[in-house]
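A.B. asks: Next comes the structure file coords.csv, holding CSV, C-alpha atoms.
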chain,number,residue,atom,x,y,z
A,27,MET,CA,95.6,90.0,118.8
A,28,ASN,CA,95.2,93.7,119.7
A,29,LYS,CA,92.1,95.9,119.9
A,30,VAL,CA,91.1,97.1,116.5
A,31,ASN,CA,92.1,100.7,116.0
A,32,TRP,CA,90.4,102.1,113.0
A,33,CYS,CA,87.9,105.0,112.6
A,34,PRO,CA,84.2,104.2,113.1
A,35,GLY,CA,82.7,103.1,109.8
A,36,CYS,CA,86.0,102.4,108.1
A,37,GLY,CA,85.8,99.8,105.2
A,38,ASN,CA,88.8,98.0,106.8
A,39,PHE,CA,86.5,96.4,109.3
A,40,SER,CA,84.6,94.6,106.6
A,41,ILE,CA,87.8,93.4,104.9
A,42,LEU,CA,89.2,92.2,108.2
A,43,LYS,CA,86.1,90.3,108.9
A,44,GLN,CA,86.1,88.5,105.6
A,45,ILE,CA,89.8,87.6,105.9
A,46,GLN,CA,89.1,86.1,109.4
A,47,SER,CA,86.3,84.1,107.9
A,48,ILE,CA,88.3,82.5,105.1
A,49,LEU,CA,91.4,81.5,107.2
A,50,PRO,CA,89.8,78.4,108.7
A,51,GLU,CA,88.8,77.3,105.2
A,52,ILE,CA,92.1,77.4,103.4
A,53,GLY,CA,93.5,74.3,105.1
A,54,VAL,CA,96.6,75.8,106.5
A,55,ASN,CA,97.6,75.8,110.2
A,56,LYS,CA,97.7,79.3,111.7
A,57,GLN,CA,101.3,78.7,112.6
A,58,LYS,CA,102.1,78.6,108.9
A,59,ILE,CA,100.2,81.7,108.0
A,60,VAL,CA,101.9,85.1,107.9
A,61,PHE,CA,100.6,88.5,107.0
A,62,VAL,CA,103.1,91.2,106.1
A,63,SER,CA,102.3,94.9,105.8
A,64,GLY,CA,103.9,98.2,105.1
A,65,ILE,CA,102.7,101.6,106.4
A,66,GLY,CA,99.2,103.0,106.4
A,67,CYS,CA,95.8,102.4,108.0
A,68,SER,CA,95.5,99.0,106.1
A,69,SER,CA,98.9,98.0,107.4
A,70,ARG,CA,97.7,97.7,110.9
A,71,LEU,CA,95.7,94.5,109.9
A,72,PRO,CA,98.4,91.9,110.9
A,73,TYR,CA,97.9,93.0,114.6
A,74,TYR,CA,94.3,91.9,114.4
A,75,LEU,CA,94.8,88.3,113.3
A,76,ASP,CA,95.7,85.2,115.2
A,77,THR,CA,98.6,84.3,112.9
A,78,TYR,CA,102.1,85.4,112.4
A,79,GLY,CA,102.5,89.0,111.2
A,80,ILE,CA,105.1,91.6,110.4
A,81,HIS,CA,104.5,95.3,110.3
A,82,GLY,CA,107.2,96.4,107.9
A,83,ILE,CA,108.5,99.7,106.6
A,84,HIS,CA,107.0,101.9,103.9
A,85,GLY,CA,106.5,100.1,100.6
A,86,ARG,CA,108.7,97.1,101.5
A,87,ALA,CA,106.2,94.5,102.5
A,88,THR,CA,106.7,92.8,99.1
A,89,SER,CA,110.4,92.4,99.7
A,90,ILE,CA,109.9,91.1,103.2
A,91,ALA,CA,107.3,88.7,102.0
A,92,THR,CA,109.5,87.4,99.3
A,93,GLY,CA,112.2,86.5,101.8
A,94,ILE,CA,109.7,84.7,104.0
A,95,LYS,CA,108.2,82.7,101.1
A,96,LEU,CA,111.6,81.6,99.8
A,97,SER,CA,112.7,80.4,103.2
A,98,LYS,CA,109.4,79.0,104.3
A,99,GLN,CA,107.8,77.7,101.1
A,100,ASN,CA,105.0,75.8,102.8
A,101,PHE,CA,103.8,79.0,104.5
A,102,SER,CA,100.7,80.9,103.3
A,103,VAL,CA,102.0,84.4,102.8
A,104,TRP,CA,99.7,87.5,102.5
A,105,ILE,CA,100.8,91.0,101.7
A,106,ILE,CA,98.6,93.9,103.0
A,107,THR,CA,99.2,97.2,101.4
A,108,GLY,CA,97.4,100.4,100.3
A,109,ASP,CA,97.3,102.7,97.4
A,110,GLY,CA,99.7,105.0,99.1
A,111,ASP,CA,102.0,102.3,100.5
A,112,GLY,CA,102.0,100.0,97.5
A,113,LEU,CA,101.8,102.4,94.6
A,114,SER,CA,104.1,105.2,95.7
A,115,ILE,CA,107.3,104.2,97.4
A,116,GLY,CA,106.5,100.5,97.0
A,117,VAL,CA,105.5,100.4,93.4
A,118,ASN,CA,108.9,99.3,92.1
A,119,HIS,CA,108.9,96.3,94.5
A,120,LEU,CA,105.4,95.5,93.5
A,121,ILE,CA,105.9,95.2,89.8
A,122,HIS,CA,109.0,93.0,90.3
A,123,LEU,CA,106.9,90.7,92.5
A,124,PHE,CA,104.4,90.4,89.7
A,125,ARG,CA,107.0,89.5,87.1
A,126,ARG,CA,108.6,86.9,89.3
A,127,ASN,CA,105.3,85.2,90.1
A,128,ILE,CA,106.1,84.2,93.7
A,129,ASN,CA,103.3,82.2,95.3
A,130,VAL,CA,102.0,85.0,97.6
A,131,ASN,CA,98.7,86.9,97.9
A,132,ILE,CA,98.6,90.7,97.6
A,133,LEU,CA,95.7,92.6,99.0
A,134,LEU,CA,95.8,96.2,98.0
A,135,PHE,CA,93.3,98.4,99.9
A,136,ASN,CA,92.4,101.3,97.6
A,137,ASN,CA,90.6,104.3,99.2
A,138,LYS,CA,92.2,106.8,96.8
A,139,ILE,CA,93.7,108.9,99.6
A,140,TYR,CA,96.4,108.9,102.2
A,141,GLY,CA,94.4,108.2,105.3
A,142,LEU,CA,97.0,107.6,108.1
A,143,THR,CA,98.8,110.9,107.3
A,144,LYS,CA,95.5,112.8,107.2
A,145,GLY,CA,94.2,113.3,103.7
A,146,GLN,CA,96.8,114.0,101.1
A,147,TYR,CA,96.2,112.8,97.5
A,148,SER,CA,97.5,109.3,96.6
A,149,PRO,CA,98.7,107.7,93.4
A,150,THR,CA,95.1,106.6,92.7
A,151,SER,CA,93.3,109.9,93.5
A,152,SER,CA,91.2,111.2,90.7
A,153,LEU,CA,92.5,113.9,88.4
A,154,GLY,CA,91.5,117.4,89.8
A,155,VAL,CA,90.5,116.2,93.3
A,156,LYS,CA,91.2,118.7,96.0
A,157,THR,CA,93.0,117.5,99.1
A,158,LYS,CA,95.2,118.9,101.8
A,159,SER,CA,98.3,118.5,99.5
A,160,SER,CA,96.4,119.6,96.3
A,161,PRO,CA,94.2,122.5,97.4
A,162,LEU,CA,93.8,123.6,93.8
A,163,GLY,CA,93.2,120.1,92.5
A,164,THR,CA,95.6,117.4,91.4
A,165,ILE,CA,97.3,117.7,88.1
A,166,GLU,CA,98.3,114.0,88.0
A,167,ARG,CA,96.4,111.2,86.3
A,168,PRO,CA,95.9,108.3,88.7
A,169,PHE,CA,97.5,104.9,88.3
A,170,ASN,CA,95.3,102.3,86.6
A,171,THR,CA,96.0,99.5,89.1
A,172,LEU,CA,94.6,96.7,87.0
A,173,SER,CA,96.4,97.8,83.8
A,174,LEU,CA,99.6,98.2,85.8
A,175,ALA,CA,99.4,94.6,87.1
A,176,LEU,CA,98.6,93.3,83.6
A,177,GLY,CA,101.6,95.1,82.1
A,178,ALA,CA,103.9,93.8,84.8
A,179,GLY,CA,103.0,90.2,84.1
A,180,ALA,CA,100.8,89.4,87.1
A,181,THR,CA,99.2,85.9,86.8
A,182,PHE,CA,96.0,86.6,88.8
A,183,ILE,CA,94.2,90.0,88.9
A,184,ALA,CA,90.9,90.7,90.5
A,185,ARG,CA,88.9,93.5,92.2
A,186,SER,CA,86.3,93.6,94.9
A,187,ILE,CA,84.8,96.2,97.3
A,188,ASP,CA,84.4,96.4,101.1
A,189,ILE,CA,80.5,96.6,101.1
A,190,ASN,CA,79.9,93.5,99.0
A,191,ILE,CA,80.9,90.9,101.6
A,192,LYS,CA,79.9,87.8,99.7
A,193,HIS,CA,81.8,88.8,96.7
A,194,LEU,CA,84.8,89.9,98.8
A,195,LYS,CA,85.0,86.5,100.5
A,196,LYS,CA,84.7,84.8,97.1
A,197,MET,CA,87.6,86.8,95.7
A,198,LEU,CA,89.8,86.2,98.8
A,199,LEU,CA,89.3,82.5,98.4
A,200,ALA,CA,90.0,82.7,94.6
A,201,SER,CA,93.2,84.6,95.4
A,202,ASN,CA,94.3,82.0,97.9
A,203,ASN,CA,93.7,79.2,95.5
A,204,HIS,CA,95.8,80.6,92.7
A,205,ILE,CA,99.3,79.2,92.4
A,206,GLY,CA,101.5,82.2,91.8
A,207,THR,CA,101.2,85.9,92.7
A,208,SER,CA,97.6,86.9,93.2
A,209,PHE,CA,96.7,90.5,93.2
A,210,LEU,CA,93.3,91.6,94.6
A,211,GLU,CA,92.5,95.3,94.6
A,212,ILE,CA,89.8,96.1,97.2
A,213,TYR,CA,87.9,99.4,97.0
A,214,GLN,CA,87.7,100.6,100.6
A,215,ASN,CA,85.9,103.7,101.8
A,216,CYS,CA,87.7,106.1,104.0
A,217,THR,CA,84.9,107.7,106.0
A,218,ILE,CA,87.1,110.6,107.3
A,219,PHE,CA,89.2,111.9,104.4
A,220,ASN,CA,87.5,110.5,101.3
A,221,ASN,CA,84.0,109.4,102.2
A,222,GLY,CA,81.7,108.4,99.4
A,223,VAL,CA,84.5,108.3,96.8
A,224,PHE,CA,82.8,105.2,95.2
A,225,ASP,CA,79.2,106.4,95.4
A,226,SER,CA,79.2,107.3,91.7
A,227,PHE,CA,78.7,103.7,90.7
A,228,VAL,CA,77.7,102.0,94.0
A,229,LYS,CA,74.6,104.0,94.6
A,230,LYS,CA,73.6,103.9,90.9
A,231,LYS,CA,74.3,100.2,90.9
A,232,GLU,CA,76.5,100.6,87.9
A,233,SER,CA,78.9,97.7,88.9
A,234,LEU,CA,79.8,95.0,86.5
A,235,TYR,CA,80.3,91.6,88.2
A,236,LEU,CA,82.4,89.3,86.0
A,237,GLU,CA,81.7,85.6,85.8
A,238,GLN,CA,83.7,83.2,83.6
A,239,ARG,CA,82.0,82.4,80.3
A,240,LYS,CA,79.1,84.7,81.1
A,241,PRO,CA,78.0,87.8,79.1
A,242,LEU,CA,78.8,91.3,80.5
A,243,PHE,CA,75.4,92.3,81.8
A,244,PHE,CA,74.7,95.0,84.4
A,245,GLY,CA,71.2,96.2,85.2
A,246,LYS,CA,69.2,96.5,82.0
A,247,LYS,CA,72.3,97.0,79.9
A,248,CYS,CA,75.1,94.9,78.4
A,249,ILE,CA,78.5,95.4,76.8
A,250,SER,CA,79.4,94.4,73.3
A,251,LEU,CA,82.9,94.2,71.8
A,252,TYR,CA,83.1,94.3,68.0
A,253,ASN,CA,86.2,95.3,65.9
A,254,ASN,CA,88.0,96.3,69.1
A,255,LYS,CA,85.2,98.8,69.9
A,256,ILE,CA,83.2,98.8,73.1
A,257,LYS,CA,79.6,99.7,73.2
A,258,ILE,CA,77.1,99.8,76.0
A,259,ILE,CA,73.6,98.9,74.8
A,260,LEU,CA,70.3,97.8,76.2
A,261,LYS,CA,69.9,94.1,76.7
A,262,LYS,CA,66.9,93.9,74.4
A,263,ASN,CA,69.0,95.3,71.6
A,264,PHE,CA,72.1,93.2,71.7
A,265,LEU,CA,73.2,90.8,68.9
A,266,LYS,CA,74.5,87.5,70.1
A,267,LYS,CA,77.4,87.6,67.7
A,268,ASN,CA,78.7,90.8,69.2
A,269,ILE,CA,78.0,90.1,72.9
A,270,TRP,CA,81.1,90.1,75.1
A,271,ILE,CA,81.6,86.8,76.9
A,272,HIS,CA,84.1,87.1,79.8
A,273,ASP,CA,87.2,84.9,79.5
A,274,ILE,CA,89.7,85.2,82.4
A,275,TYR,CA,92.4,83.7,80.2
A,276,ASP,CA,92.2,86.3,77.5
A,277,ILE,CA,94.7,89.0,78.2
A,278,ASN,CA,93.5,91.3,75.4
A,279,LYS,CA,90.0,91.4,76.8
A,280,ALA,CA,91.5,91.9,80.3
A,281,PHE,CA,93.2,95.0,79.1
A,282,PHE,CA,90.0,96.3,77.6
A,283,LEU,CA,88.2,95.7,81.0
A,284,SER,CA,91.0,97.3,83.0
A,285,LYS,CA,90.5,100.5,81.0
A,286,LEU,CA,86.7,100.4,81.0
A,287,PHE,CA,85.8,102.4,84.0
A,288,TYR,CA,89.2,104.2,84.4
A,289,GLU,CA,88.9,106.0,81.1
A,290,LYS,CA,85.1,106.3,80.7
A,291,LYS,CA,83.5,107.2,84.0
A,292,ARG,CA,80.1,106.6,82.5
A,293,SER,CA,81.0,103.0,82.0
A,294,PRO,CA,80.3,100.4,84.7
A,295,CYS,CA,83.1,99.5,87.2
A,296,PRO,CA,84.2,95.9,86.8
A,297,PHE,CA,84.6,93.6,89.8
A,298,GLY,CA,85.7,89.9,89.9
A,299,VAL,CA,88.6,88.0,88.4
A,300,LEU,CA,89.9,90.0,85.4
A,301,TYR,CA,92.7,87.7,84.3
A,302,LYS,CA,94.4,84.5,85.3
A,303,ARG,CA,97.3,82.6,83.9
A,304,LYS,CA,99.1,79.4,84.9
A,305,ILE,CA,102.9,79.5,84.7
A,306,ASP,CA,105.7,78.2,86.8
A,307,THR,CA,106.4,80.1,90.1
A,308,TYR,CA,109.6,81.7,91.0
A,309,GLU,CA,110.1,79.1,93.8
A,310,LYS,CA,110.4,76.3,91.2
A,311,PHE,CA,113.4,77.9,89.6
A,312,PHE,CA,114.8,79.1,93.0
A,313,ASN,CA,114.8,75.5,94.3
A,314,LYS,CA,116.7,74.3,91.2
A,315,LYS,CA,119.4,76.9,91.7
A,316,THR,CA,119.8,76.2,95.4
Take the structure in the file and write it out as structure tokens.

C.D. replies:
Amino acid sequence: MNKVNWCPGCGNFSILKQIQSILPEIGVNKQKIVFVSGIGCSSRLPYYLDTYGIHGIHGRATSIATGIKLSKQNFSVWIITGDGDGLSIGVNHLIHLFRRNINVNILLFNNKIYGLTKGQYSPTSSLGVKTKSSPLGTIERPFNTLSLALGAGATFIARSIDINIKHLKKMLLASNNHIGTSFLEIYQNCTIFNNGVFDSFVKKKESLYLEQRKPLFFGKKCISLYNNKIKIILKKNFLKKNIWIHDIYDINKAFFLSKLFYEKKRSPCPFGVLYKRKIDTYEKFFNKKT
């Protein structure tokens, strides 16, 4: 392992720590674990783990990981990417990995900025944000990462954040336990070029933590879903027949959740397992053909 080389206060430290904490728990020898990354601050992570690792080229970690998994199907394969690496030059490879459902884990670190190349806007930067490459404000709407994954056929979709270490560890383990392609988006603060980008909901405690078969409560409020219309109401005013019960196997509800915070910034930001589906993996069909 090498000396960790990230900026002081970077959210990547927290993510690295939780990844290190789960590896002894997944029941796989470290000689059968490989981390593959592309380009960006997040992509340095394979250097800091006592496993096999490949620091690939921009956006191609998914392709490299596919080859590794098909040749070493008993390996635990993890893909480390960022919003710049995975959703710009790498987005085409990403969506095809989703549809194939290869048994790998994707961790997408989303800080809504290009950090390694010093502060240009990324595919997830908010509309109108001023950066070094958009001094007058961006005119592009950002990718909705969760909707993108749903639309491409991903079979496990979740979100966590660097500052909630217990939740992050829980989501990492859930990703590992899924048979098929798991996609975990991790909100990660860039202290240098986009510091505080998630403060709008973190400091106000307007985060919605999803639990299977549980109502969507956050703070003193809850969310109802009736006739395909979403309403945020006080807990004391909700009607049981209209209360939204989370179901990770309901893709229609998952699409609603993926758009909740993205389209309505006054809505809570959802964290947890958004959607899960059990289907055959790509390897099963690959083995039959070979």

A.B. asks: Per residue of region 54-140 of chain A within 10 Å of region 178-183 of chain A, record the nearest atom pair and its distance in Å to one decimal, counting all atoms listed in the file, with rows in chain order and ascending residue number, as CSV.

C.D. replies:
residue,atom,partner,partner_atom,distance
A:Leu120,CA,A:Ala178,CA,9.0
A:Ile121,CA,A:Ala178,CA,5.6
A:His122,CA,A:Ala178,CA,7.5
A:Leu123,CA,A:Ala180,CA,8.2
A:Phe124,CA,A:Ala180,CA,4.6
A:Arg125,CA,A:Gly179,CA,5.0
A:Arg126,CA,A:Gly179,CA,8.3
A:Asn127,CA,A:Ala180,CA,6.8
A:Ile128,CA,A:Thr181,CA,9.9
A:Asn131,CA,A:Phe182,CA,9.5
A:Ile132,CA,A:Ile183,CA,9.8

A.B. asks: With distances taken over all atoms listed in the file, which residue among A:Ser97, A:Thr164, A:Ser63, A:Thr150 lies nearest Glu309 (chain A)?

C.D. replies: A:Ser97

A.B. asks: Rounded to one decimal in Å, what is the spacing between CA of Ala87 (chain A) and CA of Gly110 (chain A)?

C.D. replies: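 So the two atoms, CA of Ala87 (chain A) and CA of Gly110 (chain A), lie 12.8 Å apart.
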
A.B. asks: Taking (90.5, 115.9, 99.9) in the file's own coordinates, collect the residues within 7 Å, counting all atoms listed in the file, and hand them back as an MDAnalysis selection string.

C.D. replies: chainID A and resid 145:147 155:158 219:220

A.B. asks: At most 12 Å from (91.8, 80.4, 95.3), file frame, only C-alpha atoms: which residues, as an NGL selection string?

C.D. replies: :A and (48-49 or 51-53 or 102 or 129-131 or 182-184 or 195-210 or 299 or 302)

A.B. asks: Between A:Ile277, A:Phe312, A:Ile259, A:Leu242, which is the closest to Cys295 (chain A) once you count all atoms listed in the file?

C.D. replies: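 For Cys295 (chain A), the nearest of the candidates is A:Leu242.
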
A.B. asks: Given the choices A:Gln57, A:Arg303, A:Leu42, A:Ile94, which gets closest to Thr77 (chain A) if the distance is worked out from only C-alpha atoms?

C.D. replies: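 Among A:Gln57, A:Arg303, A:Leu42, A:Ile94, it is A:Gln57 that comes nearest to Thr77 (chain A).
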
A.B. asks: Let me make sure I understand: among A:Leu236, A:Thr217, A:Ser293, A:Gly298, which one has the smallest atom-to-atom distance to Ile271 (chain A) if we use only C-alpha atoms?

C.D. replies: A:Leu236

A.B. asks: Just the residues within 9 Å of Phe61 (chain A), please, counting all atoms listed in the file, with nothing from its chain fewer than 6 positions along; format it as an MDAnalysis selection string.

C.D. replies: chainID A and resid 71:72 75 77:81 91 102:106

A.B. asks: Kindly give the distance, in Å, that separates CA of Ser173 (chain A) and CA of Leu300 (chain A), rounded to a single decimal.

C.D. replies: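 Going from CA of Ser173 (chain A) over to CA of Leu300 (chain A) covers 10.3 Å.
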
A.B. asks: Of the residues A:Gln44, A:Ser226, A:Gln99, A:Asn28, which is the one nearest to Leu194 (chain A), using only C-alpha atoms?

C.D. replies: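 Among the listed residues, A:Gln44 lies closest to Leu194 (chain A).
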
A.B. asks: Pick from A:Ile212, A:Cys248, A:Leu176, A:Ile258: nearest to Asn278 (chain A), with all atoms listed in the file counted?

C.D. replies: A:Leu176

A.B. asks: Just give me the gap between CA of Lys246 (chain A) and CA of His272 (chain A) in Å, one decimal is fine.

C.D. replies: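 Atom-to-atom, CA of Lys246 (chain A) to CA of His272 (chain A), that is 17.8 Å.
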